[in-house]
$ cat target00.csv   # CSV, C-alpha atoms
chain,number,residue,atom,x,y,z
A,37,MET,CA,-7.0,-23.1,10.2
A,38,HIS,CA,-10.5,-21.8,9.4
A,39,LEU,CA,-11.6,-20.0,6.3
A,40,VAL,CA,-13.9,-17.0,6.6
A,41,LYS,CA,-15.7,-15.4,3.6
A,42,ARG,CA,-15.9,-11.7,4.2
A,43,SER,CA,-15.6,-8.4,2.2
A,44,CYS,CA,-12.2,-6.9,2.7
A,45,ALA,CA,-13.6,-3.4,2.2
A,46,MET,CA,-16.2,-4.0,4.9
A,47,LEU,CA,-13.7,-5.3,7.3
A,48,ILE,CA,-11.3,-2.4,6.8
A,49,THR,CA,-14.1,0.1,7.2
A,50,ALA,CA,-15.3,-1.7,10.4
A,51,SER,CA,-11.8,-1.7,11.8
A,52,LEU,CA,-11.3,2.1,11.2
A,53,THR,CA,-14.5,2.8,13.1
A,54,THR,CA,-13.9,0.5,16.0
A,55,ALA,CA,-13.4,3.4,18.5
A,56,ALA,CA,-16.9,4.6,17.7
A,57,LEU,CA,-18.3,1.1,18.0
A,58,VAL,CA,-16.6,0.5,21.3
A,59,ALA,CA,-18.2,3.7,22.7
A,60,ALA,CA,-21.7,2.8,21.5
A,61,PRO,CA,-24.3,1.8,24.0
A,62,SER,CA,-24.5,-1.9,24.6
A,63,ALA,CA,-27.4,-4.2,25.4
A,64,ALA,CA,-28.5,-4.4,29.0
A,65,VAL,CA,-26.2,-6.5,31.1
A,66,SER,CA,-26.5,-7.9,34.6
A,67,PRO,CA,-25.0,-5.9,37.5
A,68,GLY,CA,-22.3,-8.5,37.9
A,69,ALA,CA,-21.2,-8.3,34.3
A,70,ALA,CA,-21.3,-4.5,34.1
A,71,ALA,CA,-18.0,-3.8,35.9
A,72,PRO,CA,-15.9,-6.1,33.7
A,73,ALA,CA,-17.7,-4.8,30.6
A,74,ALA,CA,-16.9,-1.3,31.5
A,75,ALA,CA,-13.3,-2.1,32.3
A,76,HIS,CA,-13.0,-3.8,28.9
A,77,ALA,CA,-14.5,-0.8,27.1
A,78,ALA,CA,-12.3,1.7,29.0
A,79,ARG,CA,-9.1,-0.3,28.2
A,80,THR,CA,-10.1,-0.6,24.5
A,81,SER,CA,-10.8,3.1,24.3
A,82,ARG,CA,-7.4,4.1,25.8
A,83,ALA,CA,-5.3,1.7,23.7
A,84,GLN,CA,-7.2,2.4,20.4
A,85,VAL,CA,-5.0,5.3,19.6
A,86,VAL,CA,-2.0,3.0,19.3
A,87,LEU,CA,-3.9,0.7,17.0
A,88,ASN,CA,-5.2,3.6,14.9
A,89,TRP,CA,-1.7,5.0,14.4
A,90,GLU,CA,-0.3,1.6,13.5
A,91,ARG,CA,-2.9,1.4,10.8
A,92,ILE,CA,-2.1,5.0,9.7
A,93,ALA,CA,1.6,3.9,9.5
A,94,PHE,CA,0.7,0.9,7.3
A,95,ARG,CA,-1.4,3.1,5.0
A,96,THR,CA,1.2,5.8,4.8
A,97,VAL,CA,4.1,3.5,4.0
A,98,TYR,CA,2.4,1.0,1.7
A,99,ALA,CA,-0.7,2.6,0.2
A,100,ASP,CA,0.1,6.3,0.1
A,101,ALA,CA,3.9,6.2,-0.5
A,102,ALA,CA,3.7,2.8,-2.3
A,103,ALA,CA,7.0,1.7,-0.8
A,104,PRO,CA,8.3,-1.8,-1.7
A,105,VAL,CA,7.7,-4.2,1.2
A,106,PRO,CA,11.3,-4.4,2.5
A,107,VAL,CA,11.9,-0.6,2.1
A,108,GLY,CA,8.9,0.3,4.3
A,109,VAL,CA,9.8,-2.0,7.2
A,110,PRO,CA,12.4,0.3,8.9
A,111,VAL,CA,9.9,3.2,8.9
A,112,LEU,CA,7.4,1.0,10.8
A,113,GLY,CA,10.2,0.3,13.2
A,114,TYR,CA,11.1,3.9,13.7
A,115,THR,CA,7.4,4.9,14.2
A,116,SER,CA,6.6,2.1,16.7
A,117,LEU,CA,9.8,2.7,18.7
A,118,ALA,CA,9.0,6.4,18.9
A,119,ILE,CA,5.4,5.7,20.1
A,120,HIS,CA,6.7,3.3,22.8
A,121,ARG,CA,9.3,5.8,24.0
A,122,ALA,CA,6.7,8.6,24.0
A,123,VAL,CA,4.3,6.5,26.2
A,124,GLN,CA,7.1,5.6,28.6
A,125,ALA,CA,8.2,9.2,28.9
A,126,SER,CA,4.7,10.4,29.5
A,127,LEU,CA,4.1,7.9,32.2
A,128,GLY,CA,7.3,8.8,33.9
A,129,ARG,CA,6.4,12.5,34.2
A,130,SER,CA,5.6,13.9,37.6
A,131,ARG,CA,3.1,16.4,36.1
A,132,ALA,CA,-0.1,15.5,34.2
A,133,SER,CA,0.6,14.2,30.7
A,134,SER,CA,-1.7,12.5,28.2
A,135,GLU,CA,-0.3,9.3,26.8
A,136,ARG,CA,-2.8,9.4,24.0
A,137,ALA,CA,-1.5,12.8,22.9
A,138,ALA,CA,2.0,11.6,23.1
A,139,VAL,CA,1.3,8.6,20.8
A,140,ILE,CA,-0.3,10.9,18.2
A,141,ALA,CA,2.4,13.5,18.2
A,142,SER,CA,5.3,10.9,18.1
A,143,ALA,CA,3.8,8.9,15.3
A,144,TYR,CA,2.9,12.0,13.2
A,145,GLN,CA,6.4,13.5,13.6
A,146,VAL,CA,8.2,10.3,12.4
A,147,LEU,CA,5.9,9.6,9.5
A,148,GLN,CA,5.9,13.2,8.2
A,149,HIS,CA,9.7,13.3,8.5
A,150,TYR,CA,10.1,10.3,6.2
A,151,TYR,CA,7.2,11.2,3.9
A,152,PRO,CA,7.1,15.0,3.8
A,153,LYS,CA,4.9,15.0,0.7
A,154,LEU,CA,2.2,13.3,2.8
A,155,ARG,CA,2.3,15.9,5.5
A,156,GLY,CA,-1.1,17.3,4.6
A,157,LYS,CA,-2.9,13.9,4.9
A,158,LEU,CA,-1.0,13.0,8.0
A,159,GLY,CA,-1.8,16.4,9.5
A,160,ALA,CA,-5.5,15.7,9.0
A,161,ASP,CA,-5.0,12.4,10.8
A,162,ARG,CA,-3.2,14.1,13.6
A,163,ALA,CA,-6.0,16.8,14.0
A,164,ALA,CA,-8.7,14.2,14.0
A,165,SER,CA,-6.9,12.1,16.6
A,166,LEU,CA,-6.1,15.0,18.9
A,167,GLY,CA,-9.7,16.1,18.6
A,168,SER,CA,-10.7,13.1,20.7
A,169,VAL,CA,-8.3,14.0,23.5
A,170,GLN,CA,-9.6,16.2,26.2
A,171,SER,CA,-8.1,19.7,26.0
A,172,GLY,CA,-6.0,21.0,28.8
A,173,PRO,CA,-2.4,21.0,30.2
A,174,ALA,CA,-2.1,17.2,30.1
A,175,LYS,CA,-2.9,17.2,26.4
A,176,ARG,CA,-0.4,20.0,25.6
A,177,PHE,CA,2.3,18.4,27.6
A,178,GLY,CA,1.7,15.0,26.1
A,179,VAL,CA,2.1,16.5,22.6
A,180,LYS,CA,5.5,18.0,23.7
A,181,VAL,CA,6.6,14.6,25.1
A,182,GLY,CA,5.6,12.8,21.9
A,183,LYS,CA,7.5,15.3,19.7
A,184,ARG,CA,10.5,15.0,21.9
A,185,ALA,CA,10.5,11.2,21.6
A,186,ALA,CA,10.1,11.4,17.8
A,187,ARG,CA,13.0,13.8,17.5
A,188,GLY,CA,15.1,11.5,19.5
A,189,VAL,CA,14.5,8.6,17.2
A,190,ILE,CA,15.0,10.7,14.1
A,191,GLU,CA,18.3,12.0,15.4
A,192,GLU,CA,19.5,8.5,16.3
A,193,ARG,CA,18.7,7.5,12.7
A,194,ARG,CA,20.6,10.3,11.1
A,195,ASP,CA,23.0,8.9,8.5
A,196,ASP,CA,21.9,5.4,9.4
A,197,GLY,CA,22.1,4.3,5.8
A,198,TYR,CA,18.4,4.5,5.0
A,199,LEU,CA,18.0,4.7,1.2
A,200,ASP,CA,21.8,4.9,0.6
A,201,PRO,CA,22.2,4.9,-3.2
A,202,THR,CA,25.9,3.9,-3.2
A,203,ILE,CA,25.4,0.3,-2.1
A,204,HIS,CA,24.8,-2.3,-4.8
A,205,TYR,CA,24.8,-6.1,-5.4
A,206,SER,CA,28.0,-7.1,-7.2
A,207,LYS,CA,28.4,-10.9,-7.0
A,208,ALA,CA,30.0,-12.3,-10.2
A,209,PRO,CA,28.1,-14.9,-12.2
A,210,GLY,CA,28.7,-18.6,-11.4
A,211,PRO,CA,27.0,-21.8,-10.2
A,212,GLY,CA,25.0,-21.1,-7.1
A,213,VAL,CA,25.1,-17.4,-7.5
A,214,TRP,CA,22.0,-15.3,-8.0
A,215,GLN,CA,21.9,-12.8,-10.8
A,216,PRO,CA,19.5,-10.0,-11.6
A,217,ALA,CA,17.0,-10.7,-14.3
A,218,THR,CA,18.7,-8.2,-16.6
A,219,ALA,CA,22.4,-8.0,-17.2
A,220,GLY,CA,24.0,-5.2,-15.2
A,221,GLY,CA,20.9,-4.9,-13.0
A,222,ASP,CA,20.8,-4.7,-9.2
A,223,MET,CA,18.9,-6.2,-6.3
A,224,LEU,CA,16.2,-4.2,-4.7
A,225,ALA,CA,17.3,-2.0,-1.8
A,226,ALA,CA,20.8,-3.4,-1.3
A,227,TRP,CA,21.4,-0.7,1.3
A,228,ILE,CA,19.1,-2.5,3.8
A,229,GLY,CA,21.9,-5.0,4.5
A,230,SER,CA,24.1,-2.1,5.7
A,231,LEU,CA,21.5,-0.2,7.7
A,232,LYS,CA,22.3,0.6,11.3
A,233,HIS,CA,20.4,-1.8,13.6
A,234,LEU,CA,17.5,-0.4,15.6
A,235,VAL,CA,18.1,-2.3,18.9
A,236,VAL,CA,19.4,-5.8,18.3
A,237,ARG,CA,23.0,-5.3,17.0
A,238,LYS,CA,24.2,-8.9,17.3
A,239,ASN,CA,23.6,-11.0,14.3
A,240,VAL,CA,22.2,-14.5,14.7
A,241,GLU,CA,24.5,-17.3,13.7
A,242,VAL,CA,23.4,-19.3,10.7
A,243,ASP,CA,25.3,-21.9,8.5
A,244,GLY,CA,24.5,-20.5,5.1
A,245,PRO,CA,23.2,-22.4,2.1
A,246,ASP,CA,23.9,-26.1,1.6
A,247,ALA,CA,26.8,-27.0,-0.7
A,248,LEU,CA,25.6,-27.6,-4.3
A,249,THR,CA,27.0,-31.2,-4.2
A,250,SER,CA,25.5,-32.1,-0.8
A,251,ALA,CA,22.7,-34.6,-0.2
A,252,ALA,CA,20.7,-31.8,1.6
A,253,TYR,CA,20.9,-29.5,-1.4
A,254,THR,CA,19.9,-32.4,-3.8
A,255,SER,CA,16.8,-33.2,-1.7
A,256,GLN,CA,15.7,-29.6,-1.5
A,257,PHE,CA,16.4,-29.1,-5.2
A,258,GLU,CA,14.0,-31.9,-6.0
A,259,GLU,CA,11.4,-30.7,-3.5
A,260,VAL,CA,11.1,-27.2,-4.9
A,261,LYS,CA,11.5,-28.4,-8.5
A,262,SER,CA,8.5,-30.7,-8.1
A,263,LEU,CA,6.3,-28.6,-5.8
A,264,GLY,CA,7.2,-25.1,-6.8
A,265,GLN,CA,6.8,-25.2,-10.6
A,266,SER,CA,4.0,-23.0,-12.0
A,267,THR,CA,2.5,-26.1,-13.8
A,268,SER,CA,3.3,-28.6,-11.0
A,269,THR,CA,1.1,-31.7,-11.0
A,270,THR,CA,2.4,-32.8,-7.5
A,271,ARG,CA,1.4,-29.6,-5.7
A,272,THR,CA,-2.2,-29.9,-4.3
A,273,ALA,CA,-4.9,-27.4,-4.8
A,274,ASP,CA,-4.8,-26.5,-1.1
A,275,GLN,CA,-1.0,-26.0,-1.3
A,276,THR,CA,-1.5,-23.7,-4.3
A,277,GLN,CA,-4.1,-21.6,-2.6
A,278,THR,CA,-1.8,-21.3,0.5
A,279,ALA,CA,1.1,-20.2,-1.6
A,280,VAL,CA,-1.0,-17.6,-3.3
A,281,PHE,CA,-2.6,-16.4,-0.1
A,282,PHE,CA,0.7,-15.8,1.6
A,283,ASN,CA,2.1,-13.9,-1.4
A,284,SER,CA,0.9,-10.7,0.4
A,285,ASN,CA,2.6,-8.0,2.4
A,286,ALA,CA,4.5,-9.8,5.0
A,287,ALA,CA,5.4,-6.5,6.7
A,288,THR,CA,1.8,-5.9,7.7
A,289,MET,CA,-0.1,-9.2,7.4
A,290,VAL,CA,0.5,-10.4,11.0
A,291,SER,CA,0.4,-6.9,12.5
A,292,ASP,CA,-2.9,-6.1,10.8
A,293,ALA,CA,-4.4,-9.3,12.2
A,294,LEU,CA,-3.1,-8.4,15.7
A,295,THR,CA,-4.7,-4.9,15.6
A,296,ARG,CA,-8.1,-6.6,15.1
A,297,TYR,CA,-7.4,-9.2,17.8
A,298,LEU,CA,-6.5,-6.5,20.3
A,299,GLU,CA,-9.7,-4.6,19.7
A,300,GLN,CA,-11.5,-7.7,21.0
A,301,HIS,CA,-8.9,-8.6,23.6
A,302,PRO,CA,-7.4,-5.2,24.7
A,303,MET,CA,-4.2,-4.6,26.6
A,304,THR,CA,-3.3,-1.3,28.3
A,305,LEU,CA,-2.1,1.5,26.2
A,306,ALA,CA,1.5,1.1,27.4
A,307,GLU,CA,1.4,-2.7,26.8
A,308,THR,CA,0.0,-2.2,23.3
A,309,ALA,CA,2.7,0.4,22.4
A,310,ARG,CA,5.4,-1.9,23.8
A,311,LEU,CA,4.1,-4.9,21.9
A,312,PHE,CA,4.1,-3.1,18.5
A,313,ALA,CA,7.5,-1.6,19.2
A,314,GLU,CA,8.9,-5.1,19.9
A,315,ILE,CA,7.3,-6.5,16.7
A,316,HIS,CA,8.6,-3.8,14.4
A,317,VAL,CA,12.0,-3.5,16.0
A,318,ALA,CA,12.4,-7.3,15.6
A,319,MET,CA,11.2,-7.2,12.1
A,320,THR,CA,13.6,-4.4,11.1
A,321,ASP,CA,16.6,-5.9,12.8
A,322,SER,CA,15.8,-9.3,11.3
A,323,LEU,CA,15.4,-7.8,7.9
A,324,ILE,CA,18.8,-6.1,8.1
A,325,GLN,CA,20.6,-9.4,8.6
A,326,CYS,CA,18.4,-11.0,6.0
A,327,TRP,CA,19.3,-8.4,3.4
A,328,ARG,CA,23.0,-8.6,4.2
A,329,LEU,CA,22.9,-12.3,3.5
A,330,LYS,CA,20.9,-11.8,0.3
A,331,ARG,CA,23.5,-9.3,-0.9
A,332,ASP,CA,26.7,-10.8,0.4
A,333,VAL,CA,25.9,-14.5,0.0
A,334,GLY,CA,23.7,-14.1,-3.1
A,335,PHE,CA,22.5,-17.7,-3.4
A,336,TRP,CA,20.5,-18.5,-6.5
A,337,ARG,CA,16.8,-18.8,-6.7
A,338,PRO,CA,15.3,-22.3,-7.6
A,339,SER,CA,14.5,-21.1,-11.1
A,340,GLN,CA,18.1,-20.3,-11.7
A,341,ALA,CA,19.2,-23.5,-10.0
A,342,VAL,CA,17.0,-25.7,-12.2
A,343,ALA,CA,18.1,-23.9,-15.4
A,344,GLY,CA,21.8,-24.2,-14.3
A,345,ALA,CA,21.6,-27.8,-12.9
A,346,ALA,CA,23.9,-29.1,-15.7
A,347,SER,CA,26.8,-26.9,-14.4
A,348,ASP,CA,26.3,-27.1,-10.7
A,349,GLY,CA,28.8,-30.0,-10.2
A,350,ASN,CA,26.1,-32.3,-8.8
A,351,PRO,CA,25.2,-35.4,-10.9
A,352,ALA,CA,22.0,-36.0,-8.9
A,353,THR,CA,20.4,-32.7,-10.0
A,354,ASN,CA,19.0,-32.3,-13.5
A,355,PRO,CA,17.5,-29.5,-15.5
A,356,ALA,CA,13.8,-29.6,-16.2
A,357,PRO,CA,12.9,-31.1,-19.6
A,358,THR,CA,11.0,-27.9,-20.4
A,359,THR,CA,11.3,-24.3,-19.2
A,360,TRP,CA,10.8,-24.2,-15.5
A,361,ALA,CA,9.1,-21.2,-13.9
A,362,PRO,CA,8.0,-20.7,-10.2
A,363,LEU,CA,4.3,-20.5,-9.3
A,364,ILE,CA,4.9,-16.9,-8.0
A,365,PRO,CA,7.2,-14.6,-10.0
A,366,ASN,CA,10.7,-14.1,-8.5
A,367,PRO,CA,11.3,-10.8,-6.6
A,368,PRO,CA,14.5,-8.9,-7.5
A,369,TYR,CA,16.8,-10.4,-4.8
A,370,SER,CA,18.3,-13.7,-4.0
A,371,ASP,CA,17.1,-16.8,-2.2
A,372,TYR,CA,19.1,-16.9,1.1
A,373,VAL,CA,17.6,-16.1,3.5
A,374,SER,CA,13.9,-15.6,3.0
A,375,GLY,CA,12.7,-12.0,3.7
A,376,HIS,CA,9.1,-13.3,4.1
A,377,GLY,CA,10.4,-15.8,6.6
A,378,CYS,CA,12.3,-13.2,8.6
A,379,LEU,CA,9.4,-10.8,8.8
A,380,THR,CA,6.7,-13.4,9.6
A,381,SER,CA,8.8,-15.3,12.2
A,382,SER,CA,9.9,-12.3,14.1
A,383,ALA,CA,6.4,-10.8,14.4
A,384,VAL,CA,4.9,-14.2,15.4
A,385,GLU,CA,7.6,-14.9,18.0
A,386,VAL,CA,7.0,-11.6,19.7
A,387,ILE,CA,3.2,-12.3,19.9
A,388,ARG,CA,3.9,-15.9,21.0
A,389,LYS,CA,6.1,-14.7,23.9
A,390,THR,CA,3.7,-12.0,24.9
A,391,LEU,CA,0.2,-13.6,24.4
A,392,GLY,CA,0.9,-17.3,23.9
A,393,ASP,CA,0.9,-19.7,21.0
A,394,GLY,CA,-2.8,-20.1,21.3
A,395,THR,CA,-3.5,-16.6,20.1
A,396,PRO,CA,-5.9,-16.9,17.2
A,397,LEU,CA,-5.3,-14.5,14.3
A,398,GLU,CA,-7.4,-13.8,11.2
A,399,LEU,CA,-5.2,-13.1,8.3
A,400,ILE,CA,-6.2,-11.1,5.2
A,401,SER,CA,-4.5,-11.4,1.9
A,402,VAL,CA,-4.7,-9.1,-1.1
A,403,ASN,CA,-4.8,-12.2,-3.3
A,404,SER,CA,-7.9,-13.9,-1.7
A,405,PRO,CA,-11.4,-12.9,-0.8
A,406,THR,CA,-11.3,-15.6,1.8
A,407,HIS,CA,-9.7,-14.7,5.2
A,408,ARG,CA,-7.8,-17.4,7.1
A,409,ILE,CA,-8.2,-17.9,10.9
A,410,TYR,CA,-5.2,-19.7,12.5
A,411,PRO,CA,-6.1,-20.8,16.0
A,412,ARG,CA,-2.5,-21.3,16.9
A,413,LEU,CA,0.6,-19.3,15.8
A,414,GLU,CA,2.5,-22.5,15.2
A,415,ASP,CA,0.0,-23.4,12.5
A,416,LEU,CA,0.3,-19.9,10.9
A,417,GLU,CA,4.0,-20.1,10.8
A,418,ASP,CA,4.0,-23.6,9.3
A,419,ALA,CA,1.6,-22.5,6.5
A,420,ALA,CA,3.7,-19.4,5.7
A,421,PHE,CA,6.9,-21.4,5.8
A,422,HIS,CA,5.8,-24.0,3.2
A,423,ALA,CA,4.0,-21.4,1.1
A,424,ARG,CA,7.3,-20.0,0.0
A,425,ILE,CA,8.5,-23.5,-1.1
A,426,TRP,CA,5.2,-24.3,-2.9
A,427,SER,CA,5.6,-20.9,-4.6
A,428,GLY,CA,8.8,-22.0,-6.1
A,429,LEU,CA,10.7,-19.1,-4.5
A,430,HIS,CA,12.9,-20.7,-1.8
A,431,PHE,CA,14.9,-23.7,-0.9
A,432,ARG,CA,14.0,-25.2,2.5
A,433,THR,CA,17.2,-24.0,4.1
A,434,ALA,CA,16.4,-20.4,3.3
A,435,MET,CA,13.2,-20.8,5.3
A,436,VAL,CA,14.7,-22.7,8.2
A,437,ASP,CA,17.5,-20.1,8.7
A,438,ALA,CA,15.1,-17.2,8.2
A,439,TYR,CA,12.8,-18.5,11.0
A,440,HIS,CA,15.9,-19.0,13.2
A,441,ILE,CA,17.0,-15.4,12.6
A,442,GLY,CA,13.5,-14.1,13.2
A,443,HIS,CA,12.8,-16.0,16.4
A,444,VAL,CA,16.2,-15.2,18.1
A,445,THR,CA,16.0,-11.6,17.1
A,446,ALA,CA,12.5,-11.3,18.4
A,447,ARG,CA,13.5,-12.6,21.8
A,448,ARG,CA,16.4,-10.2,21.9
A,449,ALA,CA,14.2,-7.3,21.0
A,450,ILE,CA,11.8,-8.2,23.8
A,451,LYS,CA,14.6,-8.3,26.3
A,452,ALA,CA,16.1,-5.0,25.0
A,453,LEU,CA,12.7,-3.2,25.4
A,454,GLU,CA,11.8,-4.5,28.8
$ encode --input "target00.csv" --output "structure tokens"
Amino acid sequence: MHLVKRSCAMLITASLTTAALVAAPSAAVSPGAAAPAAAHAARTSRAQVVLNWERIAFRTVYADAAAPVPVGVPVLGYTSLAIHRAVQASLGRSRASSERAAVIASAYQVLQHYYPKLRGKLGADRAASLGSVQSGPAKRFGVKVGKRAARGVIEERRDDGYLDPTIHYSKAPGPGVWQPATAGGDMLAAWIGSLKHLVVRKNVEVDGPDALTSAAYTSQFEEVKSLGQSTSTTRTADQTQTAVFFNSNAATMVSDALTRYLEQHPMTLAETARLFAEIHVAMTDSLIQCWRLKRDVGFWRPSQAVAGAASDGNPATNPAPTTWAPLIPNPPYSDYVSGHGCLTSSAVEVIRKTLGDGTPLELISVNSPTHRIYPRLEDLEDAAFHARIWSGLHFRTAMVDAYHIGHVTARRAIKALE
């Protein structure tokens, strides 16, 4: 892992203007290098529309609509799936059809459906994007194809349980059971656990949390109690920095890094659309199982475990001598399994299976001016895994099983979208 000091504002601005930069004249090159350079530029230019609309989706969901992280994940899944289907439909037509126009139309239709109040801003994005596509029958037909693909996804998701207000967390208090911070409260977005799956409908088998009286639980209790406390003296400075760094939006952190990587190492437009569809489908379907376990198993967070150690039936666990608080404040849902783990592992596994574990990604966190470059995806996952323990948010089993769910679901999503 390498650390890179860079202005986030400058990087975001640079990424949004990449299409212009790619098209700019380059320095003189030898005749032998001209052809590969031209091919690289052409491939980047064609696929850029997918990267642009992935970024527009991130902005719409999390900056403009300010959706909580888990609530926005399904919309990213719907959008990326519609883009992929639009591209495939356009490529399959016997008449001329613009895949770029299909991408723009499909993404716009899905996003404005779920965020109608942002239709004006999205319409401006749509107009600007379509303005770069050559006018003619292919453009017009591509728009029709994109709209049709989006309508198909929207219709499939009708009554899928998105934002269902009737579903709540209802586990009774007791040892090992998570409870909301306020009496009579609820977990965030309990409905996600009952959402209709996008593509991967078979749940991944996991064993559940360790028994409170088991040696495994005792070991993990002591680990997070020591390393995850806000005032821990055993957690190193580097571990603290890693915990804080990864306390960022897990729904976009890896995908954002991938968009920048693909601008330098472009794939075809169709490959790019498929890759993001696989990522966001895997993330959505992993999150659905994750949230069902959070709601229906409802295992307590480390802070509640430390506070309730005297009543957990395990003589080897003891309450902290003083009030114990995690390094990172608890989110309003239970420990098992980790949502951060499900999202990170599913995205990384898709990238690993497509591009290889040696794909270097530069991550940006809202909590750090320093970007982190991970030369290997294995190293990225390891850091993100332990960050949640060092944060005091999760027992190790919640991370292990989250990664298992994410990895298996990712592989199934790839197969389903082949």
$ residues_around --input "target00.csv" --residues "segment 202-210 of chain A" --least-positions-apart "3" --cutoff "8 Å" --atoms "only C-alpha atoms" --output "number ranges by chain"
A: 213-215, 222-223, 226-227, 331-332, 334
$ closest_atom_pairs --input "target00.csv" --of "segment 369-421 of chain A" --to "segment 311-328 of chain A" --cutoff "9 Å" --atoms "all atoms listed in the file" --output "JSON lines"
{"residue": "A:Tyr369", "atom": "CA", "partner": "A:Trp327", "partner_atom": "CA", "distance": 8.8}
{"residue": "A:Tyr372", "atom": "CA", "partner": "A:Cys326", "partner_atom": "CA", "distance": 7.7}
{"residue": "A:Val373", "atom": "CA", "partner": "A:Cys326", "partner_atom": "CA", "distance": 5.7}
{"residue": "A:Ser374", "atom": "CA", "partner": "A:Cys326", "partner_atom": "CA", "distance": 7.1}
{"residue": "A:Gly375", "atom": "CA", "partner": "A:Cys326", "partner_atom": "CA", "distance": 6.2}
{"residue": "A:Cys378", "atom": "CA", "partner": "A:Ser322", "partner_atom": "CA", "distance": 5.9}
{"residue": "A:Leu379", "atom": "CA", "partner": "A:Met319", "partner_atom": "CA", "distance": 5.2}
{"residue": "A:Thr380", "atom": "CA", "partner": "A:Met319", "partner_atom": "CA", "distance": 8.1}
{"residue": "A:Ser381", "atom": "CA", "partner": "A:Met319", "partner_atom": "CA", "distance": 8.4}
{"residue": "A:Ser382", "atom": "CA", "partner": "A:Met319", "partner_atom": "CA", "distance": 5.6}
{"residue": "A:Ala383", "atom": "CA", "partner": "A:Ile315", "partner_atom": "CA", "distance": 5.0}
{"residue": "A:Val384", "atom": "CA", "partner": "A:Ile315", "partner_atom": "CA", "distance": 8.2}
{"residue": "A:Glu385", "atom": "CA", "partner": "A:Ile315", "partner_atom": "CA", "distance": 8.5}
{"residue": "A:Val386", "atom": "CA", "partner": "A:Ile315", "partner_atom": "CA", "distance": 5.9}
{"residue": "A:Ile387", "atom": "CA", "partner": "A:Leu311", "partner_atom": "CA", "distance": 7.7}
{"residue": "A:Thr390", "atom": "CA", "partner": "A:Leu311", "partner_atom": "CA", "distance": 7.7}
$ atom_distance --input "target00.csv" --atom1 "atom CA of Leu248 of chain A" --atom2 "atom CA of Asn350 of chain A"
6.5 Å
$ residues_around --input "target00.csv" --residues "segment 303-310 of chain A" --least-positions-apart "6" --cutoff "12 Å" --atoms "all atoms listed in the file" --output "JSON, numbers by chain"
{"A": [75, 76, 77, 78, 79, 80, 81, 82, 83, 84, 85, 86, 87, 88, 89, 90, 113, 115, 116, 117, 118, 119, 120, 121, 122, 123, 124, 125, 126, 127, 128, 134, 135, 136, 137, 138, 139, 140, 142, 143, 291, 294, 295, 297, 316, 317, 386, 387, 390, 391, 449, 450, 451, 452, 453, 454]}
$ residues_around --input "target00.csv" --residues "Leu363 of chain A" --least-positions-apart "5" --cutoff "10 Å" --atoms "all atoms listed in the file" --output "number ranges by chain"
A: 263-268, 276, 279-280, 424-429
$ write_last_selection --input "target00.csv" --atoms "C-alpha atoms" --output "compact mmCIF listing (two decimals), in the coordinates of the input"
# COMPACT_ATOMS: atom_id res chain seq x y z
CA LEU A 263 6.30 -28.60 -5.80
CA GLY A 264 7.20 -25.10 -6.80
CA GLN A 265 6.80 -25.20 -10.60
CA SER A 266 4.00 -23.00 -12.00
CA THR A 267 2.50 -26.10 -13.80
CA SER A 268 3.30 -28.60 -11.00
CA THR A 276 -1.50 -23.70 -4.30
CA ALA A 279 1.10 -20.20 -1.60
CA VAL A 280 -1.00 -17.60 -3.30
CA ARG A 424 7.30 -20.00 0.00
CA ILE A 425 8.50 -23.50 -1.10
CA TRP A 426 5.20 -24.30 -2.90
CA SER A 427 5.60 -20.90 -4.60
CA GLY A 428 8.80 -22.00 -6.10
CA LEU A 429 10.70 -19.10 -4.50
$ closest_residue --input "target00.csv" --among "A:Pro106, A:Ser404, A:Lys153, A:Ser133" --to "Pro173 of chain A" --atoms "all atoms listed in the file"
A:Ser133
$ residues_near_point --input "target00.csv" --point "(-5.9, -8.4, 3.4)" --cutoff "9 Å" --atoms "only C-alpha atoms" --output "list in words"
Cys44, Ile48, Ser284, Asn285, Met289, Asp292, Ala293, Leu399, Ile400, Ser401, Val402, Asn403, Ser404, Pro405 and His407 of chain A
$ closest_residue --input "target00.csv" --among "A:Ile364, A:Ala102, A:Ala93, A:Val444" --to "Val240 of chain A" --atoms "all atoms listed in the file"
A:Val444
$ residues_near_point --input "target00.csv" --point "(11.2, -29.8, -4.7)" --cutoff "12 Å" --atoms "all atoms listed in the file" --output "ChimeraX atom specification"
/A:252-265,268,270-271,338-339,341-342,353,356,362,422,424-432
$ closest_residue --input "target00.csv" --among "A:Gly394, A:Pro245, A:Gly349, A:Pro355" --to "Ala438 of chain A" --atoms "all atoms listed in the file"
A:Pro245
$ residues_around --input "target00.csv" --residues "Leu397 of chain A" --least-positions-apart "6" --cutoff "9 Å" --atoms "all atoms listed in the file" --output "number ranges by chain"
A: 290, 293-294, 296-297, 408-413, 416
$ closest_residue --input "target00.csv" --among "A:Arg129, A:Arg155, A:Arg388, A:Arg193" --to "Gly178 of chain A" --atoms "only C-alpha atoms"
A:Arg129
